[in-house]
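See below for the structure under consideration.
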Amino acid sequence: MALYARHPRFTVALLILIFISFVMFASDSAPLRSVAFSKSRDVALAEALALDDMYYKEMVQRRQQLIKKWGPTPEKVDPFPSRGEFYTLWDFFLPSFRCPHRVERIGIMGDGGKWVCGLERIAPKRQCRIYSFGVNGESSFEADLMKAAPGCQVYGYDFSVDSFGPEIEEDKDLKSRSHFFSYALGHEDKHSAADDPKMYTLRTLMDRNGHDFIDILKVDIEGNEFDSLSTFIDSFHGEPLPFGQLQLEVHVYPNSAWGDFSKFLGWWEKLEAAGLRPFFSEPNLVYVNLVRGVRPDLVEYSFINIRGDHELVSNRPSSSRRSD
């Protein structure tokens with residue numbers, strides 16, 4: 001005779017016990033499986049970043065070979081040769097790092113749009129911060145970022161205009177999440193009553209805002225980026241920089257000090273030493289078209305910060321950041 005027929009109550013109780021045990025086991029093991037999965041994703045991301053950094057360092061070695069060919073020392077390299085040599089300054093500084101996430105162009109499809117890494121990892125955050133230096137009345141980049149990431153607030157700085165562009169100013173929701181200041185970004189703090197425009201370092205502005213991390217940092221300040229970023233990097237004394245990525249327009253105007261190849265190289269290597277890796281570049285051909293006869297002095301670069309603990313380099317970002 002079957003067990004069920006002989007001991008029906010015992011059989012039912014046994015089945016219930018087995019079911020409860022299965023549920024408890026599944027519940028207890030789920031976090032373990034989740035942790036293991038998260039760990040494997042972290043390892044995969046770390047390995048991808050390390051591998052691509054190895055490739056990037058190979059490109060740096062090729063840069064040294066190119067310097068030797070056209071120099072043979074950095075002091076001897078002409079950044080924009082006029083004697084028929086087949087290179088420009090930008091051939092020494094290629095965007096040879098691969099963002100391990102989706103890369104997309106945000107903002108207008110002309111001058112003003114920028115290339116961004118991993119927006120899909122930033123967009124779900126309940127709180128994120130965008131800093132934008134150089135507004136100039138056109139804010140499609142910032143507006144499109146905030147539309148994609150509802151938890152983001154933008155902090156804009158430009159002493160040459162009075163507000164963001166219409167893309168933000170005419171949208172009630174975006175305007176409520178934006179903060180504009182007519183300040184200049186600089187390598188020192190000069191903001192007394194007599195200073196016009198008032199100038200702040202990036203670190204001072206972050207302290208004033210109570211922020212210890214910037215998700216997306218845009219800098220387009222017509223040649224002042226060199227000293228401003230150098231000061232910011234130096235202030236951390238080798239510690240990871242507190243931002244995830246940098247969208248930067250580099251301006252090497254004729255007769256400027258930064259038109260010296262050796263000096264530019266030293267500045268660029270400072271960015272690299274701080275953990276910044278260029279994953280995209282775009283020459284400003286609008287500038288070349290508008291001002292006929294100029295050199296290709298302006299290039300848009302996008303950098304990922306491979307150091308620190310943030311969404312682009314880790315699946316377990318730091319939770320210690322202060323809120324707005």
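The way I read the labels, and the way they are meant: chains A, B, ... in the order of the structure tokens, residue 1 as the first residue of every chain, and ligand 1 as the first ligand shown, with later ones counted on from there.
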- Message: Quick one: residues within 10 Å of segment 60-62 of chain A, only C-alpha atoms, excluding same-chain residues fewer than 6 positions away - as a PyMOL selection string?
- Response: chain A and resi 54+68+92-94+96+269
Keeping only C-alpha atoms, write those residues as a CSV table (one decimal), in the first residue's frame.
```
chain,number,residue,atom,x,y,z
A,54,MET,CA,47.6,48.5,-20.9
A,68,LYS,CA,61.7,61.3,-31.2
A,92,PHE,CA,50.3,62.9,-30.2
A,93,PHE,CA,47.2,62.8,-28.0
A,94,LEU,CA,44.8,60.3,-29.4
A,96,SER,CA,43.0,55.6,-27.2
A,269,GLU,CA,50.8,64.0,-18.7
```
- Find the residues around Gln247 of chain A up to 7 Å (only C-alpha atoms counted), leave out those fewer than 4 positions away in its own chain, and share them as a PyMOL selection string. chain A and resi 114+217-219+301-303
Export of prior selection with all heavy atoms as an mmCIF file, in the first residue's frame:
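Result saved to result-v1.cif:
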```cif
data_model
loop_
_atom_site.group_PDB
_atom_site.id
_atom_site.type_symbol
_atom_site.label_atom_id
_atom_site.label_comp_id
_atom_site.auth_asym_id
_atom_site.auth_seq_id
_atom_site.Cartn_x
_atom_site.Cartn_y
_atom_site.Cartn_z
ATOM 1 N N LYS A 114 28.278 67.079 -26.533
ATOM 2 C CA LYS A 114 29.468 66.421 -25.983
ATOM 3 C C LYS A 114 29.276 64.907 -25.996
ATOM 4 O O LYS A 114 28.156 64.407 -25.969
ATOM 5 C CB LYS A 114 29.729 66.861 -24.533
ATOM 6 C CG LYS A 114 29.668 68.357 -24.288
ATOM 7 C CD LYS A 114 30.849 69.095 -24.871
ATOM 8 C CE LYS A 114 30.718 70.598 -24.587
ATOM 9 N NZ LYS A 114 31.827 71.362 -25.215
ATOM 10 N N LEU A 217 31.590 66.518 -15.407
ATOM 11 C CA LEU A 217 32.231 67.830 -15.344
ATOM 12 C C LEU A 217 32.518 68.316 -16.760
ATOM 13 O O LEU A 217 33.270 67.678 -17.497
ATOM 14 C CB LEU A 217 33.529 67.731 -14.539
ATOM 15 C CG LEU A 217 34.442 68.951 -14.530
ATOM 16 C CD1 LEU A 217 33.749 70.167 -13.911
ATOM 17 C CD2 LEU A 217 35.747 68.642 -13.780
ATOM 18 N N LYS A 218 31.902 69.448 -17.134
ATOM 19 C CA LYS A 218 32.139 70.039 -18.451
ATOM 20 C C LYS A 218 32.923 71.337 -18.286
ATOM 21 O O LYS A 218 32.553 72.200 -17.480
ATOM 22 C CB LYS A 218 30.815 70.344 -19.163
ATOM 23 C CG LYS A 218 30.991 70.817 -20.604
ATOM 24 C CD LYS A 218 29.799 71.613 -21.113
ATOM 25 C CE LYS A 218 29.979 73.095 -20.819
ATOM 26 N NZ LYS A 218 28.921 73.935 -21.457
ATOM 27 N N VAL A 219 33.996 71.473 -19.045
ATOM 28 C CA VAL A 219 34.836 72.679 -18.970
ATOM 29 C C VAL A 219 35.094 73.183 -20.375
ATOM 30 O O VAL A 219 35.702 72.492 -21.200
ATOM 31 C CB VAL A 219 36.174 72.380 -18.250
ATOM 32 C CG1 VAL A 219 37.048 73.626 -18.240
ATOM 33 C CG2 VAL A 219 35.931 71.884 -16.831
ATOM 34 N N TYR A 301 37.590 66.994 -26.089
ATOM 35 C CA TYR A 301 38.004 65.700 -25.558
ATOM 36 C C TYR A 301 37.029 65.259 -24.476
ATOM 37 O O TYR A 301 36.503 66.084 -23.728
ATOM 38 C CB TYR A 301 39.405 65.772 -24.947
ATOM 39 C CG TYR A 301 40.538 65.647 -25.935
ATOM 40 C CD1 TYR A 301 41.156 66.776 -26.450
ATOM 41 C CD2 TYR A 301 41.010 64.400 -26.342
ATOM 42 C CE1 TYR A 301 42.208 66.677 -27.362
ATOM 43 C CE2 TYR A 301 42.065 64.287 -27.254
ATOM 44 C CZ TYR A 301 42.656 65.430 -27.748
ATOM 45 O OH TYR A 301 43.692 65.322 -28.643
ATOM 46 N N SER A 302 36.831 63.952 -24.396
ATOM 47 C CA SER A 302 36.070 63.357 -23.300
ATOM 48 C C SER A 302 36.979 62.378 -22.574
ATOM 49 O O SER A 302 37.598 61.508 -23.207
ATOM 50 C CB SER A 302 34.828 62.639 -23.811
ATOM 51 O OG SER A 302 33.902 63.552 -24.363
ATOM 52 N N PHE A 303 37.049 62.529 -21.246
ATOM 53 C CA PHE A 303 37.910 61.698 -20.407
ATOM 54 C C PHE A 303 37.069 60.918 -19.403
ATOM 55 O O PHE A 303 36.107 61.447 -18.838
ATOM 56 C CB PHE A 303 38.899 62.549 -19.600
ATOM 57 C CG PHE A 303 39.889 63.336 -20.400
ATOM 58 C CD1 PHE A 303 39.541 64.574 -20.939
ATOM 59 C CD2 PHE A 303 41.183 62.869 -20.595
ATOM 60 C CE1 PHE A 303 40.461 65.322 -21.662
ATOM 61 C CE2 PHE A 303 42.111 63.615 -21.311
ATOM 62 C CZ PHE A 303 41.744 64.838 -21.852
#
```
- Item | Who sits within 6 Å of Ala123 of chain A, only C-alpha atoms, same chain under 3 positions skipped, as a VMD selection string | chain A and resid 119 to 120 149
Long-range neighbours of segment 230-236 of chain A as a tab-separated table (two decimals) with C-alpha atoms, in the first residue's frame, 9 Å cut-off, only C-alpha atoms, 2 positions minimum in chain:
```
chain	number	residue	atom	x	y	z
A	186	GLY	CA	40.41	79.92	-12.25
A	187	HIS	CA	43.61	78.76	-10.64
A	188	GLU	CA	43.11	80.97	-7.58
A	201	THR	CA	38.88	77.41	-8.01
A	202	LEU	CA	36.91	74.25	-8.66
A	203	ARG	CA	37.72	72.91	-5.21
A	225	GLU	CA	41.42	75.22	-18.62
A	226	PHE	CA	45.16	74.63	-18.33
A	227	ASP	CA	45.91	76.47	-15.10
A	228	SER	CA	42.48	75.78	-13.59
A	238	GLY	CA	47.84	62.17	-5.76
A	239	GLU	CA	44.46	61.18	-4.31
A	240	PRO	CA	41.71	60.19	-6.80
A	241	LEU	CA	39.95	63.18	-8.36
A	267	TRP	CA	50.08	69.39	-18.74
A	270	LYS	CA	49.52	65.56	-15.46
A	271	LEU	CA	45.99	64.62	-16.52
A	274	ALA	CA	45.76	61.76	-12.19
```
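Considering only C-alpha atoms, the residue among A:Leu45, A:Ile304, A:Val286, A:Val294 positioned nearest to Tyr253 of chain A is A:Val294.
Between atom CA of Gly156 of chain A and atom CA of Ser132 of chain A there is a distance of 4.7 Å.
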- Message: Please list as a ChimeraX atom specification every residue within 8 Å of His251 of chain A, counting only C-alpha atoms and excluding residues in the same chain fewer than 4 positions away.
- Response: /A:222-223,297-299
- Which polymer residues have any atom within 6 Å of an atom of Gly275 of chain A, counting only C-alpha atoms, with same-chain residues fewer than 5 positions away left out, as a PyMOL selection string? chain A and resi 305-307
Could you dump the residues just selected with N, CA and C atoms as a tab-separated table (two decimals), in the first residue's frame?
```
chain	number	residue	atom	x	y	z
A	305	ASN	N	37.55	59.03	-15.70
A	305	ASN	CA	38.45	58.94	-14.55
A	305	ASN	C	38.50	57.48	-14.11
A	306	ILE	N	39.65	56.82	-14.31
A	306	ILE	CA	39.74	55.39	-14.01
A	306	ILE	C	40.10	55.13	-12.56
A	307	ARG	N	40.27	56.19	-11.77
A	307	ARG	CA	40.59	56.02	-10.36
A	307	ARG	C	39.36	56.34	-9.50
```
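Counting only C-alpha atoms, Val116 of chain A has the following residues at most 10 Å away, ignoring those fewer than 2 positions along the same chain: A:Cys99, A:His101, A:Arg102, A:Val103, A:Glu104, A:Arg105, A:Ile106, A:Gly113, A:Lys114, A:Gly118, A:Leu119, A:Leu145, A:Ile216, A:Gln245, A:Leu246, A:Gln247, A:Phe279, A:Phe280, A:Ser302, A:Phe303, A:Ile304.
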Mind dumping the selected residues with N, CA, C and O atoms as a PDB file, in the first residue's frame?
```pdb
ATOM      1  N   CYS A  99      35.914  53.505 -23.325  1.00  0.00           N
ATOM      2  CA  CYS A  99      34.933  53.525 -22.239  1.00  0.00           C
ATOM      3  C   CYS A  99      34.268  52.157 -22.172  1.00  0.00           C
ATOM      4  O   CYS A  99      33.812  51.641 -23.200  1.00  0.00           O
ATOM      5  N   HIS A 101      31.471  51.318 -21.159  1.00  0.00           N
ATOM      6  CA  HIS A 101      30.020  51.428 -21.186  1.00  0.00           C
ATOM      7  C   HIS A 101      29.595  52.086 -22.503  1.00  0.00           C
ATOM      8  O   HIS A 101      30.425  52.360 -23.367  1.00  0.00           O
ATOM      9  N   ARG A 102      28.320  52.365 -22.610  1.00  0.00           N
ATOM     10  CA  ARG A 102      27.830  52.993 -23.836  1.00  0.00           C
ATOM     11  C   ARG A 102      28.377  54.413 -23.962  1.00  0.00           C
ATOM     12  O   ARG A 102      28.402  55.175 -22.997  1.00  0.00           O
ATOM     13  N   VAL A 103      28.807  54.771 -25.163  1.00  0.00           N
ATOM     14  CA  VAL A 103      29.257  56.130 -25.461  1.00  0.00           C
ATOM     15  C   VAL A 103      28.233  56.771 -26.384  1.00  0.00           C
ATOM     16  O   VAL A 103      27.880  56.205 -27.420  1.00  0.00           O
ATOM     17  N   GLU A 104      27.754  57.949 -26.014  1.00  0.00           N
ATOM     18  CA  GLU A 104      26.744  58.621 -26.823  1.00  0.00           C
ATOM     19  C   GLU A 104      26.954  60.127 -26.795  1.00  0.00           C
ATOM     20  O   GLU A 104      27.505  60.679 -25.846  1.00  0.00           O
ATOM     21  N   ARG A 105      26.493  60.757 -27.857  1.00  0.00           N
ATOM     22  CA  ARG A 105      26.611  62.217 -27.949  1.00  0.00           C
ATOM     23  C   ARG A 105      25.351  62.845 -27.384  1.00  0.00           C
ATOM     24  O   ARG A 105      24.242  62.553 -27.813  1.00  0.00           O
ATOM     25  N   ILE A 106      25.545  63.739 -26.428  1.00  0.00           N
ATOM     26  CA  ILE A 106      24.446  64.385 -25.724  1.00  0.00           C
ATOM     27  C   ILE A 106      24.432  65.866 -26.100  1.00  0.00           C
ATOM     28  O   ILE A 106      25.470  66.521 -26.127  1.00  0.00           O
ATOM     29  N   GLY A 113      27.259  70.099 -28.271  1.00  0.00           N
ATOM     30  CA  GLY A 113      27.060  68.722 -27.838  1.00  0.00           C
ATOM     31  C   GLY A 113      28.372  68.103 -27.381  1.00  0.00           C
ATOM     32  O   GLY A 113      29.458  68.531 -27.777  1.00  0.00           O
ATOM     33  N   LYS A 114      28.278  67.079 -26.533  1.00  0.00           N
ATOM     34  CA  LYS A 114      29.468  66.421 -25.983  1.00  0.00           C
ATOM     35  C   LYS A 114      29.276  64.907 -25.996  1.00  0.00           C
ATOM     36  O   LYS A 114      28.156  64.407 -25.969  1.00  0.00           O
ATOM     37  N   GLY A 118      28.725  56.091 -20.356  1.00  0.00           N
ATOM     38  CA  GLY A 118      27.961  55.429 -19.306  1.00  0.00           C
ATOM     39  C   GLY A 118      26.833  56.222 -18.692  1.00  0.00           C
ATOM     40  O   GLY A 118      26.577  56.090 -17.497  1.00  0.00           O
ATOM     41  N   LEU A 119      26.125  57.015 -19.478  1.00  0.00           N
ATOM     42  CA  LEU A 119      25.000  57.769 -18.925  1.00  0.00           C
ATOM     43  C   LEU A 119      23.948  56.832 -18.341  1.00  0.00           C
ATOM     44  O   LEU A 119      23.263  57.181 -17.369  1.00  0.00           O
ATOM     45  N   LEU A 145      21.065  66.059 -20.535  1.00  0.00           N
ATOM     46  CA  LEU A 145      21.533  65.229 -19.428  1.00  0.00           C
ATOM     47  C   LEU A 145      20.485  65.157 -18.328  1.00  0.00           C
ATOM     48  O   LEU A 145      20.174  64.077 -17.802  1.00  0.00           O
ATOM     49  N   ILE A 216      29.430  64.437 -13.750  1.00  0.00           N
ATOM     50  CA  ILE A 216      29.847  64.881 -15.081  1.00  0.00           C
ATOM     51  C   ILE A 216      30.362  66.308 -14.966  1.00  0.00           C
ATOM     52  O   ILE A 216      29.650  67.197 -14.480  1.00  0.00           O
ATOM     53  N   GLN A 245      33.776  61.765 -14.947  1.00  0.00           N
ATOM     54  CA  GLN A 245      34.256  62.010 -16.306  1.00  0.00           C
ATOM     55  C   GLN A 245      34.330  63.498 -16.562  1.00  0.00           C
ATOM     56  O   GLN A 245      33.721  64.311 -15.863  1.00  0.00           O
ATOM     57  N   LEU A 246      35.098  63.837 -17.595  1.00  0.00           N
ATOM     58  CA  LEU A 246      35.366  65.233 -17.933  1.00  0.00           C
ATOM     59  C   LEU A 246      35.157  65.434 -19.424  1.00  0.00           C
ATOM     60  O   LEU A 246      35.751  64.733 -20.240  1.00  0.00           O
ATOM     61  N   GLN A 247      34.283  66.392 -19.758  1.00  0.00           N
ATOM     62  CA  GLN A 247      34.116  66.836 -21.144  1.00  0.00           C
ATOM     63  C   GLN A 247      34.825  68.186 -21.256  1.00  0.00           C
ATOM     64  O   GLN A 247      34.412  69.168 -20.632  1.00  0.00           O
ATOM     65  N   PHE A 279      38.626  59.051 -24.056  1.00  0.00           N
ATOM     66  CA  PHE A 279      37.939  57.998 -24.796  1.00  0.00           C
ATOM     67  C   PHE A 279      37.268  58.525 -26.062  1.00  0.00           C
ATOM     68  O   PHE A 279      36.743  57.747 -26.857  1.00  0.00           O
ATOM     69  N   PHE A 280      37.297  59.842 -26.265  1.00  0.00           N
ATOM     70  CA  PHE A 280      36.726  60.391 -27.498  1.00  0.00           C
ATOM     71  C   PHE A 280      37.312  61.774 -27.738  1.00  0.00           C
ATOM     72  O   PHE A 280      37.638  62.497 -26.793  1.00  0.00           O
ATOM     73  N   SER A 302      36.831  63.952 -24.396  1.00  0.00           N
ATOM     74  CA  SER A 302      36.070  63.357 -23.300  1.00  0.00           C
ATOM     75  C   SER A 302      36.979  62.378 -22.574  1.00  0.00           C
ATOM     76  O   SER A 302      37.598  61.508 -23.207  1.00  0.00           O
ATOM     77  N   PHE A 303      37.049  62.529 -21.246  1.00  0.00           N
ATOM     78  CA  PHE A 303      37.910  61.698 -20.407  1.00  0.00           C
ATOM     79  C   PHE A 303      37.069  60.918 -19.403  1.00  0.00           C
ATOM     80  O   PHE A 303      36.107  61.447 -18.838  1.00  0.00           O
ATOM     81  N   ILE A 304      37.476  59.687 -19.146  1.00  0.00           N
ATOM     82  CA  ILE A 304      36.946  58.924 -18.033  1.00  0.00           C
ATOM     83  C   ILE A 304      37.999  58.911 -16.932  1.00  0.00           C
ATOM     84  O   ILE A 304      39.199  58.834 -17.215  1.00  0.00           O
TER      85      ILE A 304
END
```
